[in-house]
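K.L.:
Sharing input.txt below, compact mmCIF, C-alpha atoms:
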```
# COMPACT_ATOMS: atom_id res chain seq x y z
CA VAL A 66 21.99 14.36 -12.38
CA HIS A 67 20.85 15.98 -15.59
CA GLY A 68 17.07 16.09 -16.13
CA ALA A 69 17.26 14.29 -19.48
CA SER A 70 18.98 11.29 -17.95
CA ILE A 71 16.39 11.10 -15.17
CA ALA A 72 13.60 11.17 -17.73
CA SER A 73 15.17 8.49 -19.90
CA ARG A 74 15.62 6.18 -16.92
CA GLY A 75 11.94 6.39 -16.07
CA GLN A 76 10.37 6.29 -19.52
CA HIS A 77 9.94 2.52 -19.75
CA SER A 78 8.45 2.07 -16.31
CA GLU A 79 6.06 4.99 -15.86
CA PRO A 80 2.50 4.20 -14.80
CA SER A 81 -0.06 4.43 -17.56
CA GLY A 82 -3.29 6.36 -17.66
CA ALA A 83 -6.18 6.97 -20.02
CA GLY A 84 -5.66 9.52 -22.84
CA GLY A 85 -3.03 12.17 -23.47
CA ASN A 86 0.73 12.04 -24.00
CA LYS A 87 3.07 10.96 -21.23
CA VAL A 88 5.25 13.77 -19.91
CA ILE A 89 7.97 13.61 -17.24
CA VAL A 90 8.72 16.81 -15.36
CA THR A 91 11.92 17.05 -13.29
CA MET A 92 13.36 19.69 -10.96
CA GLU A 93 15.68 20.80 -13.77
CA LYS A 94 12.72 21.51 -16.05
CA ILE A 95 10.96 23.41 -13.28
CA ALA A 96 14.06 25.51 -12.57
CA LYS A 97 14.26 26.47 -16.26
CA GLY A 98 10.51 27.14 -16.49
CA GLN A 99 10.14 24.42 -19.13
CA HIS A 100 7.19 22.84 -17.32
CA LYS A 101 5.05 25.89 -18.19
CA SER A 102 4.69 24.56 -21.74
CA TYR A 103 2.52 21.71 -20.40
CA VAL A 104 -0.04 23.95 -18.69
CA GLY A 105 -3.48 23.35 -20.18
CA VAL A 106 -2.21 20.53 -22.41
CA ASN A 107 -3.95 17.13 -22.32
CA SER A 108 -0.97 15.21 -20.98
CA ILE A 109 -0.39 12.52 -18.36
CA VAL A 110 2.21 14.23 -16.21
CA THR A 111 4.64 12.42 -13.93
CA LEU A 112 6.51 14.69 -11.53
CA ARG A 113 9.89 13.12 -10.72
CA LEU A 114 11.59 14.64 -7.71
CA ASP A 115 13.42 11.53 -6.59
CA GLN A 116 16.91 11.84 -5.17
CA ARG A 117 16.42 15.51 -4.39
CA ASN A 118 17.06 17.55 -1.28
CA GLN A 119 13.86 17.85 0.75
CA LYS A 120 13.95 21.62 1.19
CA GLU A 121 14.50 22.08 -2.53
CA PHE A 122 11.31 20.39 -3.69
CA MET A 123 8.98 20.95 -0.73
CA LYS A 124 8.55 24.57 -1.84
CA CYS A 125 7.32 23.72 -5.32
CA TYR A 126 5.88 20.26 -5.81
CA GLN A 127 2.35 20.93 -4.60
CA ASP A 128 1.99 24.06 -6.73
CA VAL A 129 3.30 22.16 -9.76
CA CYS A 130 0.90 19.28 -9.08
CA MET A 131 -2.01 21.72 -9.13
CA GLU A 132 -0.77 23.69 -12.11
CA LEU A 133 -0.11 20.68 -14.37
CA ASN A 134 -2.76 18.26 -13.09
CA VAL A 135 0.01 15.81 -12.18
CA ARG A 136 -1.12 12.16 -12.16
CA HIS A 137 2.00 10.50 -10.75
CA LEU A 138 4.26 11.97 -8.04
CA ILE A 139 7.64 10.34 -7.38
CA LEU A 140 9.43 11.45 -4.21
CA SER A 141 11.53 8.33 -3.61
CA ASN A 142 15.13 8.27 -2.38
CA ASN A 143 14.90 11.54 -0.50
CA ASP A 144 15.32 12.34 3.16
CA ILE A 145 11.62 12.93 3.90
CA ALA A 146 10.63 12.44 7.53
CA THR A 147 7.10 13.88 7.27
CA PHE A 148 4.74 14.18 4.33
CA GLN A 149 1.99 16.78 4.22
CA ILE A 150 -0.45 18.03 1.62
CA TYR A 151 -2.04 21.41 2.20
CA GLN A 152 -4.59 21.46 -0.60
CA THR A 153 -6.66 18.92 -2.50
CA ILE A 154 -4.85 17.47 -5.52
CA GLU A 155 -7.71 16.14 -7.61
CA ASN A 156 -5.98 14.12 -10.34
CA LEU A 157 -3.10 12.54 -8.42
CA MET A 158 -3.29 8.76 -8.86
CA THR A 159 0.17 7.58 -7.74
CA ILE A 160 2.48 8.61 -4.91
CA ASN A 161 5.90 6.96 -4.60
CA LEU A 162 7.61 7.65 -1.26
CA ARG A 163 10.00 4.69 -1.33
CA ASN A 164 13.25 4.85 0.64
CA ASN A 165 12.71 7.85 2.89
CA ARG A 166 12.67 8.30 6.70
CA LEU A 167 8.92 8.19 7.22
CA LYS A 168 7.85 6.74 10.57
CA ASP A 169 4.14 7.31 9.98
CA PHE A 170 1.69 6.13 7.37
CA LEU A 171 -0.18 8.89 5.52
CA GLN A 172 -2.43 10.66 8.00
CA GLU A 173 -6.16 11.25 7.63
CA GLY A 174 -5.66 14.90 6.73
CA VAL A 175 -3.41 13.89 3.82
CA VAL A 176 -5.40 11.01 2.27
CA SER A 177 -8.60 13.05 2.46
CA LYS A 178 -7.01 15.50 -0.01
CA LEU A 179 -6.24 12.72 -2.52
CA PRO A 180 -9.67 11.65 -3.82
CA HIS A 181 -8.33 9.62 -6.77
CA LEU A 182 -5.26 7.97 -5.29
CA GLU A 183 -4.92 4.42 -6.64
CA THR A 184 -1.30 3.48 -6.03
CA LEU A 185 0.66 4.19 -2.85
CA ILE A 186 4.28 3.10 -2.51
CA MET A 187 5.83 3.56 0.94
CA SER A 188 8.36 0.74 0.95
CA GLU A 189 11.76 1.03 2.67
CA ASN A 190 10.64 3.40 5.42
CA LEU A 191 10.16 3.06 9.20
CA ILE A 192 6.39 2.62 9.39
CA SER A 193 5.15 0.51 12.31
CA ASP A 194 1.42 1.30 12.43
CA LEU A 195 -1.50 1.70 10.02
CA PRO A 196 -4.07 4.19 11.38
CA ALA A 197 -7.69 3.06 11.02
CA SER A 198 -8.91 6.51 9.98
CA SER A 199 -6.55 6.64 6.98
CA LEU A 200 -7.28 3.06 5.92
CA THR A 201 -11.02 3.72 6.02
CA ILE A 202 -10.69 6.68 3.64
CA LEU A 203 -8.43 4.76 1.26
CA SER A 204 -10.50 1.56 1.30
CA ASN A 205 -12.81 2.56 -1.55
CA ARG A 206 -10.14 3.80 -3.95
CA LEU A 207 -6.71 2.20 -3.42
CA ARG A 208 -5.68 -0.57 -5.83
CA LYS A 209 -1.98 -1.07 -5.07
CA LEU A 210 -0.31 -0.67 -1.69
CA ASP A 211 3.41 -1.36 -1.17
CA LEU A 212 4.54 -1.36 2.47
CA SER A 213 7.45 -3.75 2.07
CA SER A 214 10.62 -3.29 4.12
CA ASN A 215 9.03 -1.40 7.00
CA CYS A 216 8.53 -2.18 10.71
CA LEU A 217 4.98 -3.54 10.76
CA THR A 218 4.35 -6.19 13.41
CA SER A 219 0.68 -6.79 12.61
CA LEU A 220 -1.79 -6.43 9.77
CA PRO A 221 -5.12 -4.88 10.84
CA SER A 222 -8.39 -6.65 10.08
CA LEU A 223 -9.55 -3.40 8.51
CA ILE A 224 -7.48 -4.27 5.44
CA THR A 225 -10.29 -6.65 4.46
CA VAL A 226 -12.61 -3.75 3.63
CA PHE A 227 -10.41 -2.69 0.71
CA GLU A 228 -12.72 -3.58 -2.16
CA HIS A 229 -10.50 -2.66 -5.11
CA LEU A 230 -7.05 -3.65 -3.86
CA VAL A 231 -5.25 -5.96 -6.29
CA LYS A 232 -1.76 -5.81 -4.83
CA LEU A 233 -0.67 -5.69 -1.20
CA ASP A 234 3.05 -6.04 -0.49
CA VAL A 235 3.96 -6.38 3.19
CA SER A 236 7.08 -8.47 2.64
CA LYS A 237 10.20 -7.87 4.75
CA ASN A 238 8.40 -6.51 7.81
CA GLN A 239 8.16 -7.98 11.32
CA LEU A 240 4.80 -9.75 10.88
CA SER A 241 4.36 -12.84 13.02
CA SER A 242 0.59 -13.29 12.75
CA LEU A 243 -2.34 -12.52 10.45
CA PRO A 244 -5.97 -11.79 11.32
CA PRO A 245 -8.35 -14.71 10.62
CA ASP A 246 -10.64 -12.19 8.89
CA LEU A 247 -8.40 -12.44 5.83
CA LEU A 248 -10.18 -15.62 4.79
CA ARG A 249 -13.44 -13.67 4.67
CA TRP A 250 -11.91 -10.99 2.44
CA LYS A 251 -13.88 -11.24 -0.77
CA LEU A 252 -10.77 -10.62 -2.85
CA VAL A 253 -8.66 -13.35 -1.26
CA GLU A 254 -10.14 -16.11 -3.38
CA ASN A 255 -9.14 -14.15 -6.49
CA PHE A 256 -5.63 -13.43 -5.29
CA HIS A 257 -2.69 -15.28 -6.81
CA THR A 258 0.97 -15.51 -5.98
CA SER A 259 3.65 -13.32 -7.57
CA GLY A 260 3.48 -12.69 -11.29
CA ALA A 261 -0.28 -12.22 -11.58
CA HIS A 262 -1.70 -9.80 -14.11
CA PHE A 263 -3.11 -6.52 -12.84
CA PRO A 264 -5.73 -4.44 -14.67
CA ALA A 265 -4.34 -1.14 -15.94
CA LEU A 266 -4.76 1.88 -13.69
CA GLY A 267 -8.02 3.60 -14.51
CA ALA A 268 -9.53 0.47 -16.08
CA LYS A 269 -13.14 -0.18 -15.25
CA SER A 270 -13.81 -3.05 -12.88
CA HIS A 271 -16.07 -5.85 -14.08
CA GLY A 272 -16.76 -7.27 -10.66
CA HIS A 273 -14.58 -9.01 -8.10
CA SER A 274 -14.55 -12.31 -9.97
CA SER A 275 -12.48 -10.75 -12.78
CA ILE A 276 -9.84 -9.24 -10.47
CA SER A 277 -6.63 -11.09 -9.76
CA GLY A 278 -3.71 -9.92 -7.70
CA GLU A 279 -1.11 -10.77 -5.12
CA LEU A 280 -0.43 -10.63 -1.41
CA LEU A 281 3.29 -10.73 -0.66
CA LEU A 282 4.37 -11.98 2.78
CA ARG A 283 7.98 -12.96 2.14
CA GLY A 284 10.70 -12.27 4.68
CA ASN A 285 8.58 -11.75 7.79
CA LYS A 286 8.69 -13.38 11.25
CA PHE A 287 6.07 -16.12 11.02
CA LYS A 288 6.84 -19.34 12.88
CA GLU A 289 8.30 -22.09 10.78
CA PRO A 290 7.32 -23.80 8.62
CA HIS A 291 4.81 -21.04 7.85
CA GLN A 292 7.35 -18.39 6.86
CA ARG A 293 9.07 -20.82 4.53
CA HIS A 294 5.74 -21.67 2.92
CA PHE A 295 4.79 -18.00 2.57
CA ASP A 296 8.16 -17.37 0.93
CA SER A 297 7.62 -20.13 -1.61
CA LYS A 298 3.83 -20.34 -2.04
CA GLY A 299 2.68 -16.81 -1.26
CA LEU A 300 -1.05 -16.59 -0.73
CA GLY A 301 -1.37 -20.28 -1.54
CA HIS A 302 -0.39 -20.99 2.05
CA LEU A 303 -2.86 -18.59 3.69
CA ARG A 304 -5.73 -21.03 4.22
CA ASP A 305 -3.42 -23.64 5.75
CA TYR A 306 -1.86 -20.99 8.00
CA ILE A 307 -5.23 -19.74 9.26
CA ALA A 308 -6.48 -23.29 9.81
CA HIS A 309 -3.35 -24.32 11.73
CA THR A 310 -3.23 -21.10 13.79
CA TYR A 311 -6.87 -20.63 14.70
CA ASP A 312 -8.68 -23.98 14.47
CA SER A 313 -7.58 -25.17 17.90
CA ASP A 314 -8.68 -21.86 19.44
CA ASN A 315 -12.04 -22.05 17.70
CA GLU A 316 -12.55 -25.59 18.91
CA LEU A 317 -11.72 -24.52 22.45
CA ASN A 318 -14.13 -21.57 22.25
CA GLN A 319 -16.90 -23.85 21.01
CA ARG A 320 -16.34 -26.22 23.93
CA TYR A 321 -16.32 -23.28 26.31
CA ASP A 322 -19.60 -21.91 24.91
CA HIS A 323 -21.23 -25.33 25.20
CA LEU A 324 -20.19 -25.81 28.80
CA SER A 325 -21.14 -22.25 29.70
CA ALA A 326 -24.64 -22.83 28.36
CA SER A 327 -24.83 -26.00 30.49
CA GLY A 328 -23.90 -24.11 33.67
CA LEU A 329 -20.47 -25.76 33.85
CA LYS A 330 -18.40 -22.68 33.03
CA SER A 331 -16.45 -22.89 36.28
CA HIS A 332 -14.94 -26.23 35.24
CA MET A 333 -13.14 -24.47 32.38
CA GLY A 334 -11.77 -21.61 34.44
CA GLY A 335 -8.28 -23.04 34.51
CA LEU A 336 -8.01 -22.90 30.73
CA TYR A 337 -8.69 -19.15 30.65
CA SER A 338 -6.73 -17.94 33.66
```
Would you mind writing the file out in structure tokens?

P.N.:
Amino acid sequence: VHGASIASRGQHSEPSGAGGNKVIVTMEKIAKGQHKSYVGVNSIVTLRLDQRNQKEFMKCYQDVCMELNVRHLILSNNDIATFQIYQTIENLMTINLRNNRLKDFLQEGVVSKLPHLETLIMSENLISDLPASSLTILSNRLRKLDLSSNCLTSLPSLITVFEHLVKLDVSKNQLSSLPPDLLRWKLVENFHTSGAHFPALGAKSHGHSSISGELLLRGNKFKEPHQRHFDSKGLGHLRDYIAHTYDSDNELNQRYDHLSASGLKSHMGGLYS
């Protein structure tokens, strides 16, 4: 595909940033040396290497990111099975790895080299686990996380420490339960269903009360009628789901604690065997 056509397809949908002209760099421009004209220029550079052969771009994209201070890196629709970064890329704000063959979420050694990452798109891969070490590093910077169409079976409680997250898409996974901690997530009360407005990338936060966002749970494996309600109501069904799923357990635990304190714990043994 000719570089000009790739650029024109992406012009209307590129992420925005503060200051500078928007520039799209493709493999064709790199091969012709045209990207050199952007070195030292105050531009918001998006590096588009989508639909490329892995070996072709793996040799160049990190050097180009460093050379041009790339803000947005698009590596979607490739055949990537592993993703590594060997040096810190200071200004990178967006990574799009949609539709590859990734079985693993970004590892600790990778996210630690991305100090300003705000948007991470890893939809349509084969990810089944979210490592705590990576989530902890990302929790104070990430604002949008797309993990839709993967193989996740659970959502870790650690997700509730993400202070700046305004969009979490875990639709079309294998989720059948959610941690009760979600109700204590200080952003949940400000979350809305699909179609909410998101602050522009790089915009200053004015406190949690001004942040709105969305949590997408469509197309998972929750028991009915919960999945149907998540599909239609989105986050609006979360409180009812948590109440229905955990209230009976909480009531049982309270009864157990009361009887245990009264020295009657043995009478409840059958309920916990």

K.L.:
Record the distance separating CA of Leu140 in chain A and CA of Arg113 in chain A, expressed in Å with one decimal.

P.N.:
6.7 Å

K.L.:
With distances taken over only C-alpha atoms, which of A:Val231, A:Leu114, A:Leu171, A:Met92 is nearest to Leu195 in chain A?

P.N.:
A:Leu171

K.L.:
Dump as a tab-separated table the rows for residues of range 129-192 of chain A within 7 Å of range 207-224 of chain A: closest atom pair and distance in Å with one decimal, only C-alpha atoms counted, ordered by chain and rising residue number.

P.N.:
```
residue	atom	partner	partner_atom	distance
A:Leu182	CA	A:Leu207	CA	6.2
A:Glu183	CA	A:Leu207	CA	4.3
A:Thr184	CA	A:Lys209	CA	4.7
A:Leu185	CA	A:Leu210	CA	5.1
A:Ile186	CA	A:Asp211	CA	4.7
A:Met187	CA	A:Leu212	CA	5.3
A:Ser188	CA	A:Leu212	CA	4.6
A:Glu189	CA	A:Ser214	CA	4.7
A:Asn190	CA	A:Asn215	CA	5.3
A:Leu191	CA	A:Asn215	CA	5.1
A:Ile192	CA	A:Asn215	CA	5.4
```

K.L.:
Using CA of Pro245 in chain A and CA of Val226 in chain A as the two end points, give the distance in Å to one decimal.

P.N.:
13.7 Å

K.L.:
Give me, please, the distance in Å between CA of Asn165 in chain A and CA of Ile145 in chain A, quoted to one decimal.

P.N.:
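Result for CA of Asn165 in chain A versus CA of Ile145 in chain A: 5.3 Å, one decimal.
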
K.L.:
Calculated over all atoms listed in the file, which of the candidates A:Leu280, A:Leu248, A:Val176, A:Leu157 has the smallest distance to Tyr311 in chain A?

P.N.:
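Looking only at the distances to Tyr311 in chain A, the closest residue turns out to be A:Leu248.
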
K.L.:
Between A:Lys178, A:Arg206, A:His291, A:Arg163, which residue has the minimum interatomic distance to Asp115 in chain A, considering only C-alpha atoms?

P.N.:
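Going through A:Lys178, A:Arg206, A:His291, A:Arg163 one by one, the smallest distance to Asp115 in chain A is for A:Arg163.
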
K.L.:
Which of these, A:Asn156, A:Thr201, A:Ser193, A:Ser242, has the shortest distance to Lys168 in chain A once you count all atoms listed in the file?

P.N.:
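Among the listed residues, the smallest separation from Lys168 in chain A belongs to A:Ser193.
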